[in-house]
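The structure file start_5.csv is reproduced below (CSV, C-alpha atoms).
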chain,number,residue,atom,x,y,z
A,1,MET,CA,0.0,0.0,0.0
A,2,THR,CA,1.2,3.5,-0.8
A,3,GLY,CA,-1.3,5.5,1.4
A,4,LEU,CA,-4.4,5.7,3.5
A,5,LEU,CA,-7.4,7.9,4.0
A,6,GLY,CA,-8.0,9.6,7.3
A,7,LYS,CA,-9.5,12.5,9.3
A,8,LYS,CA,-7.8,15.4,10.9
A,9,ILE,CA,-8.1,15.3,14.7
A,10,GLY,CA,-6.1,18.3,15.8
A,11,MET,CA,-2.6,19.4,16.7
A,12,THR,CA,-0.3,18.7,19.6
A,13,SER,CA,3.4,18.5,20.3
A,14,VAL,CA,5.7,15.6,21.3
A,15,PHE,CA,9.3,15.4,22.5
A,16,ASP,CA,12.0,13.6,20.4
A,17,GLU,CA,15.0,11.7,21.7
A,18,THR,CA,17.0,14.8,22.3
A,19,GLY,CA,14.3,16.6,24.2
A,20,GLN,CA,13.3,18.9,21.4
A,21,VAL,CA,9.6,19.8,21.0
A,22,ILE,CA,8.0,18.8,17.7
A,23,PRO,CA,4.7,20.3,16.7
A,24,CYS,CA,2.6,17.7,14.9
A,25,THR,CA,-0.8,17.0,13.6
A,26,VAL,CA,-2.9,14.0,14.8
A,27,ILE,CA,-4.6,12.1,12.0
A,28,GLU,CA,-7.1,9.3,12.4
A,29,ALA,CA,-5.7,7.2,9.5
A,30,GLY,CA,-8.1,4.3,8.8
A,31,PRO,CA,-9.2,1.7,9.2
A,32,CYS,CA,-9.9,1.7,5.5
A,33,PHE,CA,-11.6,-1.1,3.5
A,34,VAL,CA,-10.8,-2.3,0.1
A,35,THR,CA,-13.8,-1.6,-2.1
A,36,GLN,CA,-12.3,-2.6,-5.5
A,37,ILE,CA,-9.1,-3.9,-7.1
A,38,LYS,CA,-8.1,-2.4,-10.4
A,39,THR,CA,-6.2,-4.8,-12.7
A,40,MET,CA,-4.3,-4.5,-16.0
A,41,ASP,CA,-6.5,-7.0,-17.8
A,42,ARG,CA,-9.8,-5.3,-17.0
A,43,ASP,CA,-8.9,-1.6,-16.3
A,44,GLY,CA,-5.6,-1.1,-18.0
A,45,TYR,CA,-3.7,-0.2,-14.8
A,46,GLN,CA,-3.1,-1.5,-11.3
A,47,ALA,CA,-4.6,0.2,-8.2
A,48,VAL,CA,-6.6,-0.4,-5.1
A,49,GLN,CA,-9.7,1.5,-4.2
A,50,LEU,CA,-10.1,2.3,-0.5
A,51,GLY,CA,-13.2,3.5,1.4
A,52,PHE,CA,-13.2,5.4,4.7
A,53,ALA,CA,-15.9,6.7,7.1
A,54,GLU,CA,-19.2,4.9,7.2
A,55,VAL,CA,-22.3,6.7,5.8
A,56,LYS,CA,-26.0,5.9,6.0
A,57,ASP,CA,-27.6,4.0,3.1
A,58,ARG,CA,-30.1,6.8,2.5
A,59,ARG,CA,-27.3,9.1,1.7
A,60,THR,CA,-25.8,6.7,-0.8
A,61,SER,CA,-27.0,6.3,-4.4
A,62,LYS,CA,-28.3,2.9,-5.5
A,63,PRO,CA,-25.4,2.2,-7.9
A,64,LEU,CA,-22.9,3.0,-5.1
A,65,GLN,CA,-24.8,0.8,-2.7
A,66,GLY,CA,-24.4,-2.1,-5.1
A,67,HIS,CA,-20.7,-1.2,-5.6
A,68,PHE,CA,-20.1,-1.5,-1.8
A,69,ALA,CA,-22.3,-4.6,-1.4
A,70,LYS,CA,-20.2,-6.3,-4.1
A,71,ALA,CA,-17.1,-5.7,-2.0
A,72,ASN,CA,-19.0,-6.8,1.2
A,73,VAL,CA,-18.4,-3.5,3.0
A,74,LYS,CA,-20.7,-0.9,4.4
A,75,PRO,CA,-21.2,2.3,2.4
A,76,LYS,CA,-18.3,4.7,2.8
A,77,ARG,CA,-18.2,8.5,2.6
A,78,LEU,CA,-14.8,8.9,1.1
A,79,VAL,CA,-13.4,6.7,-1.7
A,80,ARG,CA,-10.0,7.1,-3.3
A,81,GLU,CA,-7.5,5.0,-5.4
A,82,PHE,CA,-3.9,4.3,-4.5
A,83,ASP,CA,-1.1,2.6,-6.4
A,84,LEU,CA,-0.7,-1.1,-5.9
A,85,ALA,CA,2.7,-2.7,-6.2
A,86,ASN,CA,3.2,-5.8,-8.4
A,87,GLY,CA,2.5,-9.0,-6.5
A,88,ALA,CA,0.5,-7.3,-3.8
A,89,GLU,CA,-2.3,-9.5,-2.6
A,90,LEU,CA,-5.4,-7.7,-1.4
A,91,GLN,CA,-9.0,-8.8,-1.5
A,92,PRO,CA,-12.2,-6.7,-1.6
A,93,GLY,CA,-13.5,-6.1,1.9
A,94,GLN,CA,-10.1,-6.4,3.5
A,95,GLU,CA,-9.4,-4.0,6.3
A,96,ILE,CA,-6.2,-1.9,6.1
A,97,ARG,CA,-4.9,-0.4,9.3
A,98,VAL,CA,-2.4,2.4,9.9
A,99,ASP,CA,0.4,0.2,11.3
A,100,SER,CA,0.3,-2.0,8.1
A,101,VAL,CA,1.1,1.0,5.9
A,102,PHE,CA,3.1,3.6,7.9
A,103,THR,CA,6.0,3.4,10.3
A,104,LYS,CA,7.9,6.0,12.3
A,105,GLY,CA,10.3,8.0,10.1
A,106,ASP,CA,8.3,7.7,6.8
A,107,VAL,CA,8.0,10.8,4.6
A,108,VAL,CA,4.5,11.4,3.4
A,109,SER,CA,2.4,13.9,1.4
A,110,VAL,CA,-1.0,15.0,2.9
A,111,ILE,CA,-3.8,16.1,0.6
A,112,GLY,CA,-6.8,18.0,2.0
A,113,THR,CA,-9.2,20.8,1.4
A,114,SER,CA,-8.2,24.2,2.9
A,115,LYS,CA,-10.5,26.2,5.1
A,116,GLY,CA,-13.0,28.2,3.2
A,117,ARG,CA,-12.7,31.9,3.9
A,118,GLY,CA,-15.5,33.2,1.6
A,119,PHE,CA,-15.2,36.4,-0.4
A,120,GLN,CA,-12.1,38.3,0.8
A,121,GLY,CA,-10.3,41.5,-0.3
A,122,VAL,CA,-6.8,41.8,-1.6
A,123,VAL,CA,-5.3,42.6,1.8
A,124,LYS,CA,-6.3,39.3,3.3
A,125,ARG,CA,-6.3,37.2,0.1
A,126,HIS,CA,-3.0,38.5,-1.4
A,127,HIS,CA,-1.3,40.3,1.5
A,128,PHE,CA,-1.5,43.7,-0.1
A,129,GLY,CA,-0.3,46.6,2.0
A,130,GLY,CA,-3.3,48.9,1.4
A,131,GLY,CA,-3.3,52.6,0.6
A,132,PHE,CA,-2.2,55.6,2.6
A,133,ARG,CA,-3.8,56.3,5.9
A,134,THR,CA,-3.5,60.1,5.6
A,135,HIS,CA,-4.2,62.9,3.1
A,136,GLY,CA,-8.0,62.4,3.1
A,137,GLN,CA,-7.9,58.7,1.9
A,138,SER,CA,-10.0,57.4,4.8
A,139,ASP,CA,-11.8,55.0,2.5
A,140,ARG,CA,-8.8,53.5,0.6
A,141,GLU,CA,-7.0,51.7,3.4
A,142,ARG,CA,-7.8,48.2,2.1
A,143,ALA,CA,-8.3,49.0,-1.6
A,144,PRO,CA,-6.2,47.3,-4.3
A,145,GLY,CA,-5.3,50.5,-6.1
A,146,SER,CA,-5.0,50.8,-9.9
A,147,ILE,CA,-5.5,47.5,-11.7
A,148,GLY,CA,-4.7,48.7,-15.2
A,149,SER,CA,-2.9,51.2,-17.4
A,150,SER,CA,-4.3,54.3,-19.1
A,151,SER,CA,-4.5,54.5,-22.9
A,152,TYR,CA,-2.3,51.4,-23.4
A,153,PRO,CA,-3.1,48.5,-23.1
A,154,SER,CA,-6.5,49.8,-22.0
A,155,ARG,CA,-7.4,46.6,-20.4
A,156,VAL,CA,-6.8,44.5,-17.3
A,157,PHE,CA,-4.3,41.7,-17.7
A,158,LYS,CA,-5.3,38.1,-17.0
A,159,GLY,CA,-4.3,36.8,-13.6
A,160,MET,CA,-4.5,40.2,-11.9
A,161,ARG,CA,-4.6,39.7,-8.2
A,162,MET,CA,-8.0,41.0,-7.0
A,163,ALA,CA,-10.6,40.3,-4.4
A,164,GLY,CA,-12.5,37.0,-4.7
A,165,ARG,CA,-13.3,33.7,-3.1
A,166,MET,CA,-10.5,32.5,-0.8
A,167,GLY,CA,-9.8,28.9,0.4
A,168,GLY,CA,-11.9,25.8,0.0
A,169,THR,CA,-9.4,24.3,-2.6
A,170,GLN,CA,-7.3,21.2,-2.7
A,171,VAL,CA,-3.9,21.6,-1.1
A,172,THR,CA,-1.0,19.2,-1.0
A,173,VAL,CA,1.7,19.5,1.7
A,174,ARG,CA,4.8,17.4,0.9
A,175,ASN,CA,7.7,16.0,2.8
A,176,LEU,CA,6.1,15.6,6.1
A,177,LYS,CA,7.8,13.2,8.5
A,178,VAL,CA,5.8,10.6,10.5
A,179,VAL,CA,6.9,11.0,14.1
A,180,GLY,CA,4.6,8.4,15.7
A,181,VAL,CA,2.1,5.7,15.0
A,182,VAL,CA,-0.6,4.5,17.5
A,183,PRO,CA,-2.0,1.2,16.2
A,184,ASP,CA,-4.6,0.7,18.9
A,185,SER,CA,-6.3,4.0,18.1
A,186,ASN,CA,-5.4,4.2,14.3
A,187,LEU,CA,-3.6,7.5,14.9
A,188,LEU,CA,-0.8,8.9,12.9
A,189,LEU,CA,1.3,11.8,14.1
A,190,VAL,CA,2.8,13.9,11.4
A,191,LYS,CA,5.3,16.7,11.9
A,192,GLY,CA,3.9,20.1,11.1
A,193,SER,CA,0.5,21.3,9.9
A,194,VAL,CA,-1.8,19.9,7.3
A,195,PRO,CA,-4.6,21.6,5.3
A,196,GLY,CA,-8.2,21.6,6.4
A,197,ALA,CA,-10.3,22.1,9.5
A,198,ILE,CA,-10.7,19.6,12.3
A,199,ASN,CA,-12.7,16.5,11.3
A,200,SER,CA,-11.9,17.2,7.6
A,201,PHE,CA,-10.9,14.3,5.4
A,202,LEU,CA,-7.3,13.7,4.2
A,203,GLU,CA,-5.3,11.6,1.9
A,204,ILE,CA,-2.0,10.4,3.3
A,205,ARG,CA,0.4,9.2,0.6
A,206,LYS,CA,3.9,7.9,0.9
A,207,ASP,CA,6.4,10.1,-0.9
A,208,LYS,CA,8.4,8.2,-3.6
A,209,PRO,CA,12.2,8.1,-2.8
A,210,GLN,CA,14.2,10.6,-4.7
Before anything else, please render the file you have as structure tokens.
Amino acid sequence: MTGLLGKKIGMTSVFDETGQVIPCTVIEAGPCFVTQIKTMDRDGYQAVQLGFAEVKDRRTSKPLQGHFAKANVKPKRLVREFDLANGAELQPGQEIRVDSVFTKGDVVSVIGTSKGRGFQGVVKRHHFGGGFRTHGQSDRERAPGSIGSSSYPSRVFKGMRMAGRMGGTQVTVRNLKVVGVVPDSNLLLVKGSVPGAINSFLEIRKDKPQ
């Protein structure tokens, strides 16, 4: 297995062997269940489909209910595919726990959805400095200023940093070190912060060696 699905629990800190404090994120990684095996003969590539977090049948479409029933697992809220190594033997319905995938010292990438901030101005969204606070400009403190030229090119360039919707997008944080694994509680301790709010879903993928 190259990764697992999980849920962000929160942040804490631990001490390493030298007594240094390490800020880390606590992730409930699994247990995940195999919902489908992708093969070269049938699908053209090799992968394993994992499901995480049970959901009620009434919130699952009829086709998905049949898909999960075929794998003999209860409907899951989150489903993702992971690479499957040659010769790996997994069966639909098999349970995958955190200690069977990750060990202390692994380097992982964590994929999540950042916190949604709604419609924000340029000061918060792009860290603009704002206008002058004096000389009568009492209403320009957080304004973007001029966004285009005069007679040439007489238009606003594409990609101009302006106010707009902020957050709520997929973010990947790479090269995070696993500082601890708690098999009994399916917890994974990762050094540093990860995207998303508490209880948001995450993908934890092993980084390929350079």
Return the single residue from A:Asp184, A:Asp106, A:Glu95, A:Glu89 that is closest to Thr39 in chain A, with distances computed using all atoms listed in the file.
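Distance minimum relative to Thr39 in chain A lands on A:Glu89.
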Nearest residue to Thr103 in chain A out of A:Val182, A:Ile198, A:Val21, A:Val122, using only C-alpha atoms?
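Among A:Val182, A:Ile198, A:Val21, A:Val122, it is A:Val182 that comes nearest to Thr103 in chain A.
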Could you give me, as a PyMOL selection string, the residues that sit within 9 Å of (-6.7, -4.6, -8.3) in the file's coordinates, counting all atoms listed in the file?
chain A and resi 36-40+43+45-49+84+88-92
Just to be explicit: take each residue in the selection above, keep C-alpha atoms, and write the result as a JSON list (two decimals), in the frame of the given file.
[["chain", "number", "residue", "atom", "x", "y", "z"],
["A", 36, "GLN", "CA", -12.30, -2.60, -5.50],
["A", 37, "ILE", "CA", -9.10, -3.90, -7.10],
["A", 38, "LYS", "CA", -8.10, -2.40, -10.40],
["A", 39, "THR", "CA", -6.20, -4.80, -12.70],
["A", 40, "MET", "CA", -4.30, -4.50, -16.00],
["A", 43, "ASP", "CA", -8.90, -1.60, -16.30],
["A", 45, "TYR", "CA", -3.70, -0.20, -14.80],
["A", 46, "GLN", "CA", -3.10, -1.50, -11.30],
["A", 47, "ALA", "CA", -4.60, 0.20, -8.20],
["A", 48, "VAL", "CA", -6.60, -0.40, -5.10],
["A", 49, "GLN", "CA", -9.70, 1.50, -4.20],
["A", 84, "LEU", "CA", -0.70, -1.10, -5.90],
["A", 88, "ALA", "CA", 0.50, -7.30, -3.80],
["A", 89, "GLU", "CA", -2.30, -9.50, -2.60],
["A", 90, "LEU", "CA", -5.40, -7.70, -1.40],
["A", 91, "GLN", "CA", -9.00, -8.80, -1.50],
["A", 92, "PRO", "CA", -12.20, -6.70, -1.60]]
Residues at most 6 Å from Glu28 in chain A, counting all atoms listed in the file, excluding those fewer than 6 positions away in the same chain, as a PyMOL selection string?
chain A and resi 6-7+186-187
Show which residues sit within 12 Å of range 54-70 of chain A, as a ChimeraX atom specification. Count only C-alpha atoms, and ignore same-chain residues fewer than 5 positions away.
/A:30-37,49,75-79,91-93
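Taking CA of Gly192 in chain A and CA of Thr172 in chain A as endpoints, the distance between them is 13.1 Å.
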Put the listed atoms of range 143-158 of chain A in a box along x, y and z with 4 Å added on every side and give me the centre and edge lengths in Å to one decimal, as lines of an AutoDock Vina configuration file.
center_x = -5.3
center_y = 46.3
center_z = -12.5
size_x = 14.0
size_y = 24.4
size_z = 29.8
Around the point (-16.0, 34.6, -0.9), in the coordinates given by the file, pick out the residues reaching within 8 Å, counting only C-alpha atoms, and return them as a PDB file with C-alpha atoms, in the coordinates of the input.
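Wrote it out as point21.pdb, contents follow:
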ATOM      1  CA  ARG A 117     -12.700  31.900   3.900  1.00  0.00           C
ATOM      2  CA  GLY A 118     -15.500  33.200   1.600  1.00  0.00           C
ATOM      3  CA  PHE A 119     -15.200  36.400  -0.400  1.00  0.00           C
ATOM      4  CA  GLN A 120     -12.100  38.300   0.800  1.00  0.00           C
ATOM      5  CA  GLY A 164     -12.500  37.000  -4.700  1.00  0.00           C
ATOM      6  CA  ARG A 165     -13.300  33.700  -3.100  1.00  0.00           C
ATOM      7  CA  MET A 166     -10.500  32.500  -0.800  1.00  0.00           C
TER       8      MET A 166
END
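Nearest residue to Met162 in chain A among A:Val107, A:Val123, A:Ala197, A:Leu188 is A:Val123, counting all atoms listed in the file.
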Pick from A:Gly129, A:Gly196, A:Gly148, A:Gly105: nearest to Gly168 in chain A, with only C-alpha atoms counted?
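Comparing A:Gly129, A:Gly196, A:Gly148, A:Gly105 against Gly168 in chain A, the winner is A:Gly196.
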Computed interatomic separation between CA of Lys104 in chain A and CA of Lys8 in chain A (Å):
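We find that CA of Lys104 in chain A and CA of Lys8 in chain A lie 18.4 Å from each other.
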Proximity to His127 in chain A - best of A:Ile147, A:Gly51, A:Ala163, A:Val108, only C-alpha atoms:
A:Ala163
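The space between CA of Ile204 in chain A and CA of Arg125 in chain A spans 27.3 Å.
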